[in-house]
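Coordinates from run.cif are shown below (mmCIF, C-alpha atoms and all ligand atoms).
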```cif
data_structure
loop_
_atom_site.label_atom_id
_atom_site.label_comp_id
_atom_site.auth_asym_id
_atom_site.auth_seq_id
_atom_site.Cartn_x
_atom_site.Cartn_y
_atom_site.Cartn_z
CA MET A 19 -25.37 -3.99 -7.30
CA ARG A 20 -23.22 -3.26 -4.24
CA ASP A 21 -19.83 -1.53 -4.22
CA GLY A 22 -19.57 -1.84 -8.00
CA ILE A 23 -20.19 -5.60 -7.87
CA SER A 24 -23.16 -7.49 -9.21
CA VAL A 25 -23.64 -11.21 -9.55
CA ARG A 26 -23.01 -12.49 -13.07
CA ALA A 27 -25.16 -15.43 -13.91
CA GLY A 28 -24.25 -18.09 -16.44
CA ARG A 29 -21.03 -16.57 -17.82
CA TYR A 30 -18.64 -18.09 -15.31
CA ALA A 31 -18.22 -21.47 -16.93
CA VAL A 32 -18.67 -20.25 -20.49
CA ILE A 33 -15.62 -18.05 -21.20
CA LYS A 34 -12.52 -19.99 -22.18
CA ARG A 35 -10.10 -17.47 -23.63
CA VAL A 36 -9.83 -13.69 -23.39
CA HIS A 37 -7.56 -11.19 -25.14
CA THR A 38 -7.14 -7.73 -23.59
CA ARG A 39 -5.04 -4.60 -23.99
CA ALA A 40 -4.01 -1.86 -21.59
CA PHE A 41 -1.88 1.20 -22.08
CA SER A 42 1.04 2.18 -19.97
CA ASN A 43 0.82 5.42 -18.05
CA ILE A 44 3.25 8.06 -16.87
CA ALA A 45 2.59 9.96 -13.67
CA LEU A 46 2.54 13.76 -13.59
CA ILE A 47 2.33 13.50 -9.79
CA LYS A 48 4.19 10.43 -8.62
CA TYR A 49 3.26 7.54 -6.39
CA TRP A 50 6.31 6.60 -4.34
CA GLY A 51 5.92 4.77 -1.03
CA LYS A 52 3.43 2.26 0.31
CA VAL A 53 1.38 2.22 3.50
CA PRO A 54 3.13 -0.49 5.59
CA GLY A 55 1.17 -3.70 6.04
CA GLY A 56 -1.55 -2.68 3.57
CA ASP A 57 -2.76 -4.37 0.39
CA ASN A 58 -0.39 -2.44 -1.86
CA ILE A 59 -1.82 0.90 -0.77
CA PRO A 60 0.08 3.98 -1.99
CA ALA A 61 1.22 6.50 0.60
CA THR A 62 1.01 9.34 -1.94
CA PRO A 63 -1.83 10.23 -4.33
CA SER A 64 -0.93 10.35 -8.02
CA ILE A 65 -2.11 11.64 -11.39
CA SER A 66 -1.15 10.17 -14.76
CA ILE A 67 -1.62 10.15 -18.51
CA ALA A 68 -1.98 6.83 -20.35
CA LEU A 69 0.17 6.47 -23.48
CA ARG A 70 -1.40 4.94 -26.60
CA GLU A 71 1.93 3.88 -28.13
CA LEU A 72 3.05 1.85 -25.10
CA SER A 73 0.73 -1.07 -24.55
CA THR A 74 0.55 -4.62 -23.26
CA GLU A 75 -1.68 -7.26 -24.81
CA THR A 76 -2.55 -10.27 -22.69
CA GLU A 77 -4.18 -13.56 -23.60
CA VAL A 78 -5.62 -15.61 -20.79
CA GLU A 79 -6.90 -19.14 -21.21
CA ARG A 80 -8.63 -21.15 -18.52
CA PHE A 81 -7.85 -24.79 -17.66
CA ASP A 82 -9.76 -26.93 -15.23
CA VAL A 83 -6.77 -29.15 -14.49
CA GLY A 84 -3.04 -28.42 -14.46
CA GLU A 85 -0.93 -25.52 -13.23
CA ASP A 86 -0.81 -21.82 -14.08
CA ARG A 87 1.56 -21.04 -16.95
CA VAL A 88 3.09 -17.66 -17.66
CA PHE A 89 4.69 -16.43 -20.89
CA ILE A 90 6.15 -12.97 -21.38
CA ASN A 91 6.88 -11.80 -24.92
CA GLY A 92 6.54 -15.35 -26.23
CA VAL A 93 8.91 -17.09 -23.82
CA LYS A 94 8.30 -18.86 -20.52
CA ALA A 95 8.54 -16.27 -17.74
CA THR A 96 11.37 -16.34 -15.20
CA ASP A 97 10.64 -17.99 -11.84
CA LYS A 98 10.41 -14.54 -10.23
CA ASP A 99 7.83 -13.25 -12.74
CA THR A 100 5.87 -16.53 -12.68
CA GLU A 101 5.73 -16.39 -8.89
CA ARG A 102 4.52 -12.76 -8.94
CA ILE A 103 1.75 -13.55 -11.41
CA THR A 104 0.62 -16.83 -9.87
CA SER A 105 0.38 -15.23 -6.43
CA TYR A 106 -1.70 -12.50 -8.08
CA LEU A 107 -3.99 -15.22 -9.49
CA ASP A 108 -4.09 -16.79 -6.01
CA MET A 109 -5.45 -13.52 -4.66
CA TRP A 110 -8.31 -13.62 -7.21
CA ARG A 111 -8.94 -17.27 -6.30
CA GLU A 112 -8.90 -16.53 -2.56
CA LEU A 113 -11.42 -13.74 -3.12
CA GLU A 114 -13.51 -16.41 -4.91
CA LEU A 115 -13.72 -14.31 -8.03
CA ILE A 116 -12.18 -16.98 -10.26
CA GLU A 117 -11.42 -20.67 -10.05
CA GLY A 118 -9.33 -23.13 -12.06
CA ASN A 119 -5.89 -22.51 -13.53
CA TYR A 120 -4.78 -20.21 -16.28
CA SER A 121 -2.30 -19.80 -19.06
CA ILE A 122 -1.20 -16.16 -19.21
CA SER A 123 0.60 -14.82 -22.23
CA SER A 124 1.61 -11.18 -22.04
CA ARG A 125 3.27 -9.09 -24.75
CA ALA A 126 4.44 -5.51 -24.37
CA ASN A 127 5.32 -3.43 -27.43
CA PHE A 128 8.11 -1.72 -25.47
CA PRO A 129 11.03 -2.94 -23.31
CA ILE A 130 9.93 -4.62 -20.08
CA ALA A 131 11.39 -3.35 -16.80
CA ALA A 132 13.24 -0.45 -18.39
CA GLY A 133 11.51 2.33 -16.51
CA LEU A 134 8.75 2.45 -19.13
CA ALA A 135 5.95 1.49 -16.76
CA SER A 136 5.50 -2.10 -17.96
CA SER A 137 3.92 -3.34 -14.72
CA ALA A 138 1.17 -0.71 -15.06
CA SER A 139 -0.07 -1.91 -18.46
CA GLY A 140 0.77 -5.55 -17.64
CA PHE A 141 -1.33 -5.83 -14.50
CA ALA A 142 -4.14 -3.67 -15.90
CA ALA A 143 -4.42 -5.95 -18.97
CA LEU A 144 -4.29 -9.04 -16.73
CA ALA A 145 -6.92 -7.73 -14.31
CA LYS A 146 -9.17 -6.79 -17.23
CA ALA A 147 -8.86 -10.34 -18.61
CA LEU A 148 -9.45 -12.02 -15.25
CA ALA A 149 -12.56 -9.90 -14.78
CA GLU A 150 -14.03 -11.71 -17.81
CA PHE A 151 -13.68 -15.02 -15.93
CA SER A 152 -15.04 -13.55 -12.70
CA ARG A 153 -18.03 -15.11 -11.02
CA ILE A 154 -19.37 -11.64 -10.36
CA LYS A 155 -19.39 -8.63 -12.65
CA LEU A 156 -16.76 -6.11 -11.59
CA GLY A 157 -17.24 -2.38 -12.04
CA LYS A 158 -14.36 -0.05 -13.04
CA ARG A 159 -13.70 1.02 -9.46
CA LYS A 160 -13.41 -2.56 -8.23
CA LEU A 161 -11.23 -3.47 -11.22
CA SER A 162 -8.90 -0.56 -10.53
CA GLN A 163 -8.62 -1.70 -6.89
CA LEU A 164 -7.80 -5.24 -7.99
CA ALA A 165 -5.22 -4.05 -10.55
CA ARG A 166 -3.61 -1.98 -7.78
CA ARG A 167 -2.98 -5.18 -5.81
CA GLY A 168 -0.71 -6.33 -8.66
CA SER A 169 1.06 -3.00 -9.17
CA GLY A 170 0.06 0.40 -7.78
CA SER A 171 0.35 2.26 -11.07
CA ALA A 172 -1.81 -0.40 -12.81
CA ALA A 173 -4.84 1.09 -11.03
CA ARG A 174 -4.44 4.12 -13.34
CA SER A 175 -4.06 2.05 -16.53
CA VAL A 176 -7.50 0.54 -15.89
CA THR A 177 -9.06 3.99 -16.22
CA GLY A 178 -6.60 5.44 -18.79
CA GLY A 179 -6.73 8.99 -20.16
CA LEU A 180 -5.85 11.53 -17.48
CA SER A 181 -6.52 9.71 -14.24
CA ALA A 182 -6.31 10.61 -10.57
CA PHE A 183 -5.50 8.03 -7.93
CA PRO A 184 -6.21 9.32 -4.42
CA VAL A 185 -4.98 7.75 -1.19
CA GLY A 186 -7.36 5.92 1.16
CA LYS A 187 -8.28 2.56 2.67
CA ASP A 188 -8.80 0.66 -0.57
CA PRO A 189 -8.10 3.31 -3.22
CA ALA A 190 -8.99 3.17 -6.91
CA ALA A 191 -8.12 5.49 -9.78
CA ARG A 192 -10.78 7.57 -11.49
CA LEU A 193 -10.85 9.10 -14.94
CA LEU A 194 -10.54 12.89 -14.91
CA ILE A 195 -10.35 13.59 -18.65
CA ASP A 196 -10.97 11.13 -21.46
CA ALA A 197 -7.99 10.51 -23.78
CA ARG A 198 -9.87 11.93 -26.80
CA ARG A 199 -10.42 15.25 -25.03
CA LEU A 200 -6.78 15.80 -24.08
CA SER A 201 -4.67 18.17 -26.14
CA TYR A 202 -1.38 17.01 -24.58
CA GLY A 203 0.97 14.24 -25.64
CA MET A 204 4.19 12.75 -24.36
CA VAL A 205 7.53 12.03 -25.98
CA ALA A 206 9.45 9.19 -24.34
CA ILE A 207 13.20 9.65 -24.67
CA THR A 208 14.93 6.40 -23.82
CA VAL A 209 18.62 6.41 -23.02
CA ASP A 210 21.48 4.03 -22.52
CA SER A 211 21.61 2.94 -18.94
CA ALA A 212 24.25 0.56 -17.65
CA ARG A 213 22.81 0.63 -14.15
CA LYS A 214 20.86 -2.42 -13.08
CA LYS A 215 17.32 -1.41 -12.24
CA ILE A 216 16.09 -1.68 -8.69
CA SER A 217 12.37 -2.42 -8.91
CA SER A 218 10.04 0.33 -7.73
CA ARG A 219 8.74 -2.06 -5.07
CA GLU A 220 12.23 -2.51 -3.57
CA GLY A 221 13.14 1.13 -4.10
CA MET A 222 10.00 2.41 -2.36
CA GLU A 223 10.49 0.22 0.68
CA HIS A 224 14.15 1.14 0.98
CA THR A 225 13.30 4.85 0.68
CA ARG A 226 10.57 4.57 3.33
CA GLN A 227 12.92 2.86 5.74
CA THR A 228 16.04 4.96 5.31
CA SER A 229 15.45 8.37 3.70
CA PRO A 230 15.53 11.25 6.23
CA PHE A 231 13.21 13.15 3.87
CA TYR A 232 10.55 10.45 3.42
CA ASN A 233 7.90 12.06 5.65
CA LYS A 234 8.44 15.41 4.00
CA TRP A 235 8.02 13.76 0.58
CA ILE A 236 4.69 12.21 1.66
CA LYS A 237 3.37 15.64 2.75
CA LEU A 238 4.65 17.29 -0.40
CA GLY A 239 3.05 14.64 -2.61
CA ALA A 240 -0.37 15.36 -1.08
CA GLN A 241 0.06 19.13 -1.65
CA ASP A 242 1.30 18.69 -5.22
CA TYR A 243 -1.68 16.44 -5.98
CA LYS A 244 -4.19 19.12 -4.91
CA GLU A 245 -2.31 21.82 -6.79
CA MET A 246 -2.18 19.64 -9.91
CA LEU A 247 -5.94 19.04 -9.81
CA ARG A 248 -6.41 22.83 -9.81
CA ALA A 249 -3.94 23.33 -12.69
CA ILE A 250 -5.67 20.59 -14.71
CA ASN A 251 -9.05 22.21 -14.11
CA LEU A 252 -7.68 25.43 -15.54
CA ARG A 253 -6.01 23.51 -18.43
CA ASN A 254 -2.87 25.49 -17.56
CA LEU A 255 -0.02 23.57 -19.24
CA THR A 256 2.68 25.84 -17.81
CA ARG A 257 1.48 25.27 -14.24
CA ILE A 258 0.91 21.54 -14.91
CA GLY A 259 4.43 21.20 -16.33
CA GLU A 260 6.17 23.18 -13.57
CA LEU A 261 4.44 21.13 -10.88
CA MET A 262 5.22 17.88 -12.69
CA GLU A 263 8.94 18.74 -12.85
CA SER A 264 9.10 19.82 -9.19
CA ASN A 265 7.29 16.68 -8.10
CA THR A 266 9.53 14.32 -10.07
CA LEU A 267 12.68 16.04 -8.78
CA ALA A 268 11.37 15.86 -5.20
CA MET A 269 10.70 12.12 -5.62
CA HIS A 270 14.16 11.47 -7.04
CA SER A 271 15.79 13.63 -4.34
CA CYS A 272 14.07 11.52 -1.70
CA ILE A 273 15.18 8.32 -3.47
CA MET A 274 18.76 9.60 -3.73
CA SER A 275 18.75 10.48 -0.03
CA ALA A 276 18.08 6.86 0.99
CA ARG A 277 20.99 5.05 2.67
CA PRO A 278 22.65 3.48 0.79
CA PRO A 279 21.42 5.85 -1.95
CA ILE A 280 19.55 4.77 -5.06
CA VAL A 281 20.29 6.72 -8.23
CA TYR A 282 18.07 5.72 -11.15
CA TRP A 283 19.54 8.31 -13.50
CA SER A 284 22.35 8.03 -15.99
CA PRO A 285 24.48 10.95 -17.28
CA ALA A 286 22.15 11.20 -20.30
CA THR A 287 19.20 11.80 -17.96
CA ILE A 288 20.70 15.04 -16.67
CA TYR A 289 21.80 16.06 -20.14
CA ILE A 290 18.20 15.68 -21.40
CA ILE A 291 16.78 17.59 -18.42
CA GLN A 292 19.06 20.47 -19.36
CA LYS A 293 18.08 20.24 -23.01
CA VAL A 294 14.35 20.30 -22.20
CA ARG A 295 14.93 23.44 -20.14
CA SER A 296 16.84 25.07 -22.99
CA TRP A 297 14.05 24.21 -25.49
CA ARG A 298 11.65 25.89 -23.06
CA ASP A 299 13.88 28.98 -22.93
CA GLU A 300 13.60 29.05 -26.72
CA GLY A 301 9.81 29.22 -26.40
CA LEU A 302 8.71 25.57 -26.67
CA ASP A 303 6.13 24.53 -24.03
CA VAL A 304 7.88 21.33 -22.82
CA TYR A 305 8.29 19.74 -19.40
CA PHE A 306 10.07 16.59 -18.18
CA THR A 307 9.29 13.75 -15.81
CA ILE A 308 11.26 10.61 -14.89
CA ASP A 309 10.06 7.31 -13.41
CA ALA A 310 12.19 4.74 -11.56
CA GLY A 311 14.71 4.60 -14.39
CA ALA A 312 16.96 6.78 -16.52
CA ASN A 313 14.49 7.58 -19.33
CA VAL A 314 12.92 11.01 -19.66
CA PHE A 315 9.30 11.71 -20.65
CA VAL A 316 8.43 15.08 -22.11
CA LEU A 317 4.94 16.52 -21.76
CA CYS A 318 3.90 18.96 -24.49
CA MET A 319 1.01 19.93 -26.76
CA LYS A 320 0.18 17.18 -29.30
CA ASP A 321 1.06 19.63 -32.07
CA ASP A 322 4.59 20.04 -30.72
CA MET A 323 5.39 16.31 -30.47
CA ASP A 324 7.06 16.08 -33.90
CA LEU A 325 9.37 18.99 -33.17
CA VAL A 326 10.26 17.66 -29.69
CA ALA A 327 10.95 14.19 -31.10
CA SER A 328 13.18 15.51 -33.88
CA LYS A 329 15.20 17.52 -31.36
CA ALA A 330 15.42 14.53 -28.99
CA GLU A 331 16.61 12.14 -31.73
CA LYS A 332 19.69 14.30 -32.30
CA LEU A 333 20.85 14.13 -28.68
CA GLN A 334 23.85 12.07 -27.65
CA GLY A 335 23.06 8.95 -25.60
CA VAL A 336 19.47 8.70 -26.86
CA VAL A 337 18.51 5.16 -27.89
CA LYS A 338 14.92 5.55 -28.99
CA VAL A 339 12.28 8.27 -29.10
CA ILE A 340 8.57 7.41 -28.95
CA LYS A 341 5.83 9.99 -29.55
CA SER A 342 2.54 9.15 -27.96
CA GLU A 343 -0.94 10.57 -27.83
CA PRO A 344 -2.99 9.74 -24.73
CA GLY A 345 -4.52 6.26 -24.57
CA GLY A 346 -7.82 5.01 -23.18
CA GLY A 347 -8.64 2.53 -20.43
CA ALA A 348 -8.03 -1.22 -20.35
CA GLU A 349 -10.15 -3.02 -22.94
CA VAL A 350 -11.22 -6.45 -24.14
CA ILE A 351 -10.10 -7.19 -27.72
CA SER A 352 -11.84 -10.56 -28.00
CA ARG A 353 -13.41 -13.31 -25.92
CA GLN A 354 -14.29 -16.91 -26.77
O1 LIG B 1 3.30 0.69 -9.29
P1 LIG B 1 4.72 0.67 -9.71
O2 LIG B 1 5.46 -0.41 -9.06
O3 LIG B 1 4.82 0.67 -11.21
O4 LIG B 1 5.41 2.05 -9.20
C1 LIG B 1 5.26 3.28 -9.82
C2 LIG B 1 6.38 4.21 -9.49
C3 LIG B 1 6.59 5.39 -10.42
O5 LIG B 1 6.49 4.97 -11.76
C4 LIG B 1 8.00 5.93 -10.20
C5 LIG B 1 5.64 6.52 -10.15
C6 LIG B 1 4.22 6.38 -10.65
O6 LIG B 1 3.34 6.96 -10.03
O7 LIG B 1 4.00 5.73 -11.69
#
```
Please express the file's structure as structure tokens.
Amino acid sequence: MRDGISVRAGRYAVIKRVHTRAFSNIALIKYWGKVPGGDNIPATPSISIALRELSTETEVERFDVGEDRVFINGVKATDKDTERITSYLDMWRELELIEGNYSISSRANFPIAAGLASSASGFAALAKALAEFSRIKLGKRKLSQLARRGSGSAARSVTGGLSAFPVGKDPAARLLIDARRLSYGMVAITVDSARKKISSREGMEHTRQTSPFYNKWIKLGAQDYKEMLRAINLRNLTRIGELMESNTLAMHSCIMSARPPIVYWSPATIYIIQKVRSWRDEGLDVYFTIDAGANVFVLCMKDDMDLVASKAEKLQGVVKVIKSEPGGGAEVISRQ
């Protein structure tokens, strides 16, 4: 065994079809910005919670002849998505981890590309499946590194629970607290958003190139990460929540300061931020965070999720409310 890798004898040619699942995750401390020229290496460290109710299931079948085929939610993927996934498979082939061609069928139980972290669960489930076909056995660290090459946040869906994802040369996420030991949950409040989404990949690059506050954001992200690790150690929800809100607002401020600016929010986003603050003033321990989209995620104690969800459902502009307990790491459902 070296660097989490050991040679797997015999299995290579045997596995034909694998079915996996991974949970989406929402960052408490955000990853925004990549190291230029790297292999999808984040410029900021991040911390996240995986969400059990938002998952992607992926079935991967191996062919010895033919071309890769990609299906998303039961239909043939667009050229753009097919290209992204086949070049991801090419990377595994170039690393000589897998050979042959594959049929990939991926199904998310939540809207794809709506700021609900679909690439995180999607690439984590895919990496987990490909690992079953790998010539060598891949440890969790290696798998998280490989998932990161598909989508940065996918590194954290490999480990699940409450995970930390430091920066470095070839970074991987690590599990800080197992999902079953967490007393927090999240309520996803999805809203109507007319704005066409700019992918996080494009948004990050544009922010890096044009925001006058980008360097400041990178420094701040590193500080917030350390602070958050301390707050988590103390299981101090108030401190965790305050830091999470400050970090998400700093990220969005940096994004909005890009030229031309990117604004992922809709009017309902700001309305919900204000509501969450007013619920807190009334004594409820609730805190918000927002990814590269208009939807708002509320962190609270598991016991408060029902109350938060019932309040959220009554708000104008809210499309759907999803309560979620923390989820585990990427897993194999079946193999043949
Ligand atoms: O790895 P991506 O492309 O899903 O980018 C993640 C960006 C954010 O969701 C905004 C932040 C994060 O750390 O998940």
- Which is closer to ligand LIG 1 (chain B) than all the others in A:Thr100, A:Ser175, A:Ser218, A:Ser152, using all atoms listed in the file?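 So, comparing all the options, the nearest one is A:Ser218.
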Original post:
Which residues come within 7 Å of range 201-205 of chain A, counting only C-alpha atoms, excluding same-chain residues fewer than 5 positions away, as number ranges by chain?
Top reply: A: 315-320, 323, 327, 339-344
Coordinates-based distance that separates CA of Ser66 in chain A from CA of Gly178 in chain A (Å, one decimal):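 Computed distance, CA of Gly178 in chain A to CA of Ser66 in chain A, equals 8.3 Å.
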Check your understanding: What does the distance between CA of Cys272 in chain A and CA of Trp235 in chain A come to in Å, to one decimal place?
Key ->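 One can read the CA of Cys272 in chain A to CA of Trp235 in chain A distance as 6.8 Å.
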With ligand LIG 1 (chain B) as the partner and 8 Å as the cut-off, tabulate the residues of chain A that qualify, each row holding the nearest pair of atoms and their distance in Å to one decimal, using only C-alpha atoms and all ligand atoms, sorted by chain and rising number, as JSON lines.
```
{"residue": "A:Asn43", "atom": "CA", "partner": "B:LIG1", "partner_atom": "O7", "distance": 7.1}
{"residue": "A:Ile44", "atom": "CA", "partner": "B:LIG1", "partner_atom": "O7", "distance": 5.7}
{"residue": "A:Ala45", "atom": "CA", "partner": "B:LIG1", "partner_atom": "O6", "distance": 4.8}
{"residue": "A:Leu46", "atom": "CA", "partner": "B:LIG1", "partner_atom": "O6", "distance": 7.7}
{"residue": "A:Ile47", "atom": "CA", "partner": "B:LIG1", "partner_atom": "O6", "distance": 6.6}
{"residue": "A:Lys48", "atom": "CA", "partner": "B:LIG1", "partner_atom": "O6", "distance": 3.8}
{"residue": "A:Tyr49", "atom": "CA", "partner": "B:LIG1", "partner_atom": "O6", "distance": 3.7}
{"residue": "A:Trp50", "atom": "CA", "partner": "B:LIG1", "partner_atom": "C2", "distance": 5.7}
{"residue": "A:Ser64", "atom": "CA", "partner": "B:LIG1", "partner_atom": "O6", "distance": 5.8}
{"residue": "A:Ile65", "atom": "CA", "partner": "B:LIG1", "partner_atom": "O6", "distance": 7.3}
{"residue": "A:Ser66", "atom": "CA", "partner": "B:LIG1", "partner_atom": "O6", "distance": 7.3}
{"residue": "A:Gly133", "atom": "CA", "partner": "B:LIG1", "partner_atom": "O5", "distance": 7.4}
{"residue": "A:Ala135", "atom": "CA", "partner": "B:LIG1", "partner_atom": "O3", "distance": 5.7}
{"residue": "A:Ser136", "atom": "CA", "partner": "B:LIG1", "partner_atom": "O3", "distance": 7.3}
{"residue": "A:Ser137", "atom": "CA", "partner": "B:LIG1", "partner_atom": "O3", "distance": 5.4}
{"residue": "A:Ala138", "atom": "CA", "partner": "B:LIG1", "partner_atom": "O3", "distance": 5.5}
{"residue": "A:Arg166", "atom": "CA", "partner": "B:LIG1", "partner_atom": "O1", "distance": 7.6}
{"residue": "A:Ser169", "atom": "CA", "partner": "B:LIG1", "partner_atom": "O1", "distance": 4.3}
{"residue": "A:Gly170", "atom": "CA", "partner": "B:LIG1", "partner_atom": "O1", "distance": 3.6}
{"residue": "A:Ser171", "atom": "CA", "partner": "B:LIG1", "partner_atom": "O1", "distance": 3.8}
{"residue": "A:Ala172", "atom": "CA", "partner": "B:LIG1", "partner_atom": "O1", "distance": 6.3}
{"residue": "A:Ser217", "atom": "CA", "partner": "B:LIG1", "partner_atom": "O2", "distance": 7.2}
{"residue": "A:Ser218", "atom": "CA", "partner": "B:LIG1", "partner_atom": "O2", "distance": 4.8}
{"residue": "A:Arg219", "atom": "CA", "partner": "B:LIG1", "partner_atom": "O2", "distance": 5.4}
{"residue": "A:Ile308", "atom": "CA", "partner": "B:LIG1", "partner_atom": "C4", "distance": 7.4}
{"residue": "A:Asp309", "atom": "CA", "partner": "B:LIG1", "partner_atom": "C4", "distance": 4.1}
{"residue": "A:Ala310", "atom": "CA", "partner": "B:LIG1", "partner_atom": "C4", "distance": 4.6}
```
Taking only C-alpha atoms into account, name the residue in A:Ala268, A:Leu255, A:Ile288, A:Ile67 that is nearest to Arg192 in chain A.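 So, comparing all the options, the nearest one is A:Ile67.
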Subject >> Residue nearest Lys34 in chain A - candidates A:Gly118, A:Gly84, A:Pro60, A:Pro54, atoms counted: only C-alpha atoms >> reply: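 Residue with the minimum atom-to-atom distance to Lys34 in chain A: A:Gly118.
Coordinates place CA of Lys187 in chain A at a distance of 19.8 Å from CA of Leu238 in chain A.
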Output, as lines of an AutoDock Vina configuration file, the centre and edge lengths in Å (one decimal) of the axis-aligned box that contains all listed atoms of range 213-229 of chain A with 8 Å of margin on each side.
```
center_x = 15.8
center_y = 2.9
center_z = -4.2
size_x = 30.1
size_y = 26.9
size_z = 35.9
```
Using all atoms listed in the file, the shortest atom-to-atom distance to Asp86 in chain A among A:Glu300, A:Glu101, A:Asp242, A:Asp196 belongs to A:Glu101
Nearest to His37 in chain A among A:Leu161, A:Ala145, A:Leu180, A:Ala68, with distances taken over only C-alpha atoms: which residue is it?
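Distance minimum relative to His37 in chain A lands on A:Ala145.
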With a distance cut-off of 10 Å and all atoms listed in the file, select the neighbouring residues of Val53 in chain A, excluding the residue or stretch itself and same-chain residues fewer than 5 positions from it, and output the selection as a list of chain:residue names.
A:Asn58, A:Ile59, A:Pro60, A:Ala61, A:Thr62, A:Val185, A:Gly186, A:Lys187, A:Glu223, A:Arg226
Just the selected residues (C-alpha atoms), exported as a PDB file, in the coordinates of the input, please.
```pdb
ATOM      1  CA  ASN A  58      -0.390  -2.440  -1.860  1.00  0.00           C
ATOM      2  CA  ILE A  59      -1.820   0.900  -0.770  1.00  0.00           C
ATOM      3  CA  PRO A  60       0.080   3.980  -1.990  1.00  0.00           C
ATOM      4  CA  ALA A  61       1.220   6.500   0.600  1.00  0.00           C
ATOM      5  CA  THR A  62       1.010   9.340  -1.940  1.00  0.00           C
ATOM      6  CA  VAL A 185      -4.980   7.750  -1.190  1.00  0.00           C
ATOM      7  CA  GLY A 186      -7.360   5.920   1.160  1.00  0.00           C
ATOM      8  CA  LYS A 187      -8.280   2.560   2.670  1.00  0.00           C
ATOM      9  CA  GLU A 223      10.490   0.220   0.680  1.00  0.00           C
ATOM     10  CA  ARG A 226      10.570   4.570   3.330  1.00  0.00           C
TER      11      ARG A 226
END
```
Of the residues A:Asn254, A:Ile280, A:Ala312, A:Gly221, which is the one nearest to Lys52 in chain A, using only C-alpha atoms?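 Ranking A:Asn254, A:Ile280, A:Ala312, A:Gly221 by distance to Lys52 in chain A, first place goes to A:Gly221.
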Would you pick out the contacts of Lys94 in chain A at 12 Å or less, using all atoms listed in the file, so that residues sharing its chain but fewer than 3 positions from it are not included, and give the list as a list in words?
Asp86, Arg87, Val88, Phe89, Ile90, Asn91, Asp97, Lys98, Asp99, Thr100, Ser121, Ile122, Ser123, Ser124 and Arg125 of chain A
- Task: Counting all atoms listed in the file, find the residues whose atoms lie at most 6 Å from (7.6, 15.6, -11.0) (file coordinates) and write them out as a PyMOL selection string.
- Result: chain A and resi 46-47+262-267+307
Which residues, written as a count of residues only, have at least one atom at most 9 Å from Gly347 in chain A, with all atoms listed in the file counted and residues fewer than 6 positions away on the same chain left out? 14
Starting from the incomplete input, reconstruct N, CA and C atoms of range 221-233 of chain A and write that as a PDB file, in the frame of the given file.
```pdb
ATOM      1  N   GLY A 221      12.691  -0.248  -4.272  1.00  0.00           N
ATOM      2  CA  GLY A 221      13.140   1.130  -4.100  1.00  0.00           C
ATOM      3  C   GLY A 221      12.255   1.909  -3.130  1.00  0.00           C
ATOM      4  N   MET A 222      10.945   1.701  -3.252  1.00  0.00           N
ATOM      5  CA  MET A 222      10.000   2.410  -2.360  1.00  0.00           C
ATOM      6  C   MET A 222      10.210   2.009  -0.915  1.00  0.00           C
ATOM      7  N   GLU A 223      10.352   0.724  -0.695  1.00  0.00           N
ATOM      8  CA  GLU A 223      10.490   0.220   0.680  1.00  0.00           C
ATOM      9  C   GLU A 223      11.803   0.710   1.297  1.00  0.00           C
ATOM     10  N   HIS A 224      12.854   0.683   0.485  1.00  0.00           N
ATOM     11  CA  HIS A 224      14.150   1.140   0.980  1.00  0.00           C
ATOM     12  C   HIS A 224      14.102   2.643   1.296  1.00  0.00           C
ATOM     13  N   THR A 225      13.418   3.404   0.446  1.00  0.00           N
ATOM     14  CA  THR A 225      13.300   4.850   0.680  1.00  0.00           C
ATOM     15  C   THR A 225      12.512   5.106   1.967  1.00  0.00           C
ATOM     16  N   ARG A 226      11.409   4.383   2.123  1.00  0.00           N
ATOM     17  CA  ARG A 226      10.570   4.570   3.330  1.00  0.00           C
ATOM     18  C   ARG A 226      11.386   4.295   4.597  1.00  0.00           C
ATOM     19  N   GLN A 227      12.188   3.258   4.531  1.00  0.00           N
ATOM     20  CA  GLN A 227      12.920   2.860   5.740  1.00  0.00           C
ATOM     21  C   GLN A 227      14.122   3.730   6.046  1.00  0.00           C
ATOM     22  N   THR A 228      14.737   4.317   5.036  1.00  0.00           N
ATOM     23  CA  THR A 228      16.040   4.960   5.310  1.00  0.00           C
ATOM     24  C   THR A 228      16.167   6.432   4.919  1.00  0.00           C
ATOM     25  N   SER A 229      15.236   6.970   4.111  1.00  0.00           N
ATOM     26  CA  SER A 229      15.450   8.370   3.700  1.00  0.00           C
ATOM     27  C   SER A 229      15.043   9.323   4.831  1.00  0.00           C
ATOM     28  N   PRO A 230      15.910  10.273   5.196  1.00  0.00           N
ATOM     29  CA  PRO A 230      15.530  11.250   6.230  1.00  0.00           C
ATOM     30  C   PRO A 230      14.453  12.212   5.744  1.00  0.00           C
ATOM     31  N   PHE A 231      14.190  12.209   4.424  1.00  0.00           N
ATOM     32  CA  PHE A 231      13.210  13.150   3.870  1.00  0.00           C
ATOM     33  C   PHE A 231      11.880  12.466   3.508  1.00  0.00           C
ATOM     34  N   TYR A 232      11.736  11.202   3.865  1.00  0.00           N
ATOM     35  CA  TYR A 232      10.550  10.450   3.420  1.00  0.00           C
ATOM     36  C   TYR A 232       9.238  11.111   3.877  1.00  0.00           C
ATOM     37  N   ASN A 233       9.158  11.477   5.154  1.00  0.00           N
ATOM     38  CA  ASN A 233       7.900  12.060   5.650  1.00  0.00           C
ATOM     39  C   ASN A 233       7.576  13.378   4.954  1.00  0.00           C
TER      40      ASN A 233
END
```
